[in-house]
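Visitor: Would you mind keeping the following structure in view while I ask a few things?
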Amino acid sequence: MLIDGAMVDLEQENRRLQAELQAQTHELRGSRARLVAVGDEERRRLERDLHDGAQSRFAGVALHLRLAQRKAPPDSELAELLDEAIGELSSGIEELRELARGIHPAVLTQRGLEAALQSLASRAPLPVDVRVTLDDRLPAAVETAAYFAVSEALANVVKHARAGLVAVDVRVARGRLVIDVSDDGCGGANGLRGITDRVGALDGRVEIDSPPGAGTRVHVEIPVSRPVAPSRRFVRGG
């Protein structure tokens, strides 16, 4: 009887510990998700501040410089200096736009994941074939995680893969957003910690298949519950 009682007590203690562990795991996942949400909201705020503040002000300065350039004597030193200043300011504005896109692309907030990925592909230095199958806007945290997952995967391809083509496929299956980024490069990729951390915070998972000499496939799944619509395709040519 003593042994039976000890076994019962041990089983109850195990159940209690398992329940505590599950609760702690759930709370940890919730905390990670909240941290991601706070970080994403801060990214959006910074992007808005850059767009509405610095970019708008610099665009106004560029306009004044162009007006001054029209009044300057043609072929004069002043006209040449104004032309150089306008060129430098235009380059600075474009760099600021790139910075804002890197913080949080406005197109993602305004038009959603498909448009944001099309924009990302259009700026890539190699052909990127983007196929998106979505019915509606996804939760902001999911859209942001998906965008930056593709962005980091593409950056890795450009930097290391020596690839000629990248294929991006985005769809919803069995309540999960599924993303595949595949290239025909040299393979051997590893790391991509930024993708793993961000996706993991949303209880998602990342798989990287990258045998040497056979290209790389980054597979991402993020929990989401949305219906699916017919596929739409965008191809950015090289």
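Ligands are numbered from 1 in the order shown, residues from 1 within each chain, and chains are lettered A, B, ... in the order they appear in the structure tokens.
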Looking only at strand (DSSP E) from DSSP on the backbone, list the matching residues of range 53-196 of chain A as a count of residues only.
Guide: 22
Visitor: Which neighbours of Pro105 in chain A fall inside 8 Å, counting only C-alpha atoms, when residues of the same chain fewer than 4 positions from it are skipped, and could you give them as a PyMOL selection string?
Guide: chain A and resi 47+100-101+109+116
Visitor: For Glu94 in chain A, which residue among A:Gln110, A:Gln55, A:Gln118, A:Asn14 is the nearest when counting only C-alpha atoms?
Guide: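 For Glu94 in chain A, the nearest of the given residues is A:Gln55.
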Visitor: Go through A:Phe148, A:Val206, A:Gly164, A:Leu50 and flag the residue nearest Glu95 in chain A, using only C-alpha atoms for the distances.
Guide: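 When distances to Glu95 in chain A are compared using only C-alpha atoms, the smallest one comes from A:Leu50.
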Visitor: Which one is closest to Val107 in chain A: A:Glu221, A:Glu80, A:Asp135, A:Glu143? Count only C-alpha atoms.
Guide: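 Nearest to Val107 in chain A: A:Glu143.
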Visitor: Using CA of Gly204 in chain A and CA of Ala124 in chain A as the two end points, give the distance in Å to one decimal.
Guide: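 The value is 26.3 Å.
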Visitor: Excluding His64 in chain A and any residue of its chain fewer than 5 positions from it, enumerate the residues within 12 Å of it, using only C-alpha atoms, and give them as number ranges by chain.
Guide: A: 57-59, 69-71, 82, 85-86, 89
